[in-house]
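Here the structure comes first, spelled out in structure tokens, and everything after it is commentary.
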Amino acid sequence: RLILRLLRNNIIPIFVFDGKPPPEKEEILMERRLKKEFMHMKKEIYELIIKFKDFPIDVVTNLINMYIKKHNQLFKIDQEHIHDMKNKSVEEIREEIDKINRKIINIKSAHIQSAKELFRLFGISYIDTDCEAESMLAFMNKNNMIDACITEDMDILAGGGKIFLKNFSADKNIVDEYCLEGILETLELTHDEFIDLCILSGCDYTPKIGGMGSLSAYKLVKKYKKIENILPEIRTNGKYIVPENFNYQDARRLFHSTFDMQILKSVLPVKLREPNLKELLLFLDKTSLHVKYKH
């Protein structure tokens, strides 16, 4: 559906698959894994409440506490919330479980291979990269190899992507467009200053500075120009907490990533190849895609 939406608008797509994330991102990845684990736990606790709905509240609470102790004691759920959930109907609790299920996305290698097969049959190009997809997309856009980047990751702008399309939907012809040149002009910043603003505001490659928001970061960059000048000031005023492992130099390096042009020669210039319609229709017939998108 996404491909069809793009082609209807005379946009030829190229897809980029994520490679291995840099070591600097490990902390944020651990946070995401923990968040995902907690969603699974919340779902299973709701299922426990359904299973033991007719039992007294203290019994249910004890069962939930035993479950948390067994799985991960960092997970927190208060007594009032347990009581509220127990008072809901089974249908209402199942609705909550469905909401959690929609948030839990498990991408497996089979899904990736299936997507690649779809692209092949459609005549659509794709790249396997050994880094983060956004880094390569930003590099390609910065060097005029592609016209824009469709993603939900704002790092595209810090990486130098010129045109960033966000909130793209296969259902409608409306997107949010961010133009790096216009943003820099409006903020009256150079791109290097903008990168420092992004790092100070919080990015995937460094821990967050306690108490630092985007507006504070902007004011500091405008006044002191770069992080090297900012850190001595904020470390002494007591307003902000700078983590010991605030390695902004590595974050800068990652936002300035460059790539060997040889990697891109096989897919550039981006073009649409002749689709294999017969095999494509057979492939789509095995999916749950609505019939109106198949033919």
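Ordering of the structure tokens sets the chain letters (A, B, ...); residue numbers start at 1 within each chain; ligands are numbered from 1 in the order shown.
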
Polymer residues at most 8 Å from Asp171 (chain A), only C-alpha atoms, same-chain spacing of 2 or more positions, as a PyMOL selection string: chain A and resi 5+169+173

Taking the backbone alone, and naming residues the way the document does, which bits of region 52-174 of chain A are alpha helix (DSSP H) by DSSP, as a PyMOL selection string? chain A and resi 57-71+79-87+90-103+109-122+133-142+155-158

Atomic distance CA of Arg120 (chain A) - CA of Ile14 (chain A), expressed in Å with one decimal: 11.5 Å

Selection near region 245-259 of chain A, 10 Å with only C-alpha atoms, sequence-local residues under 3 positions removed, as a VMD selection string: chain A and resid 22 24 to 25 131 to 132 134 to 136 138 to 140 155 to 160 192 195 to 196 198 to 200 203 to 209 227 to 228 242 262 to 264

Residue neighbourhood Leu215 (chain A), 9 Å, only C-alpha atoms, exclusion window fewer than 4 positions, as JSON, numbers by chain: {"A": [201, 219, 220]}
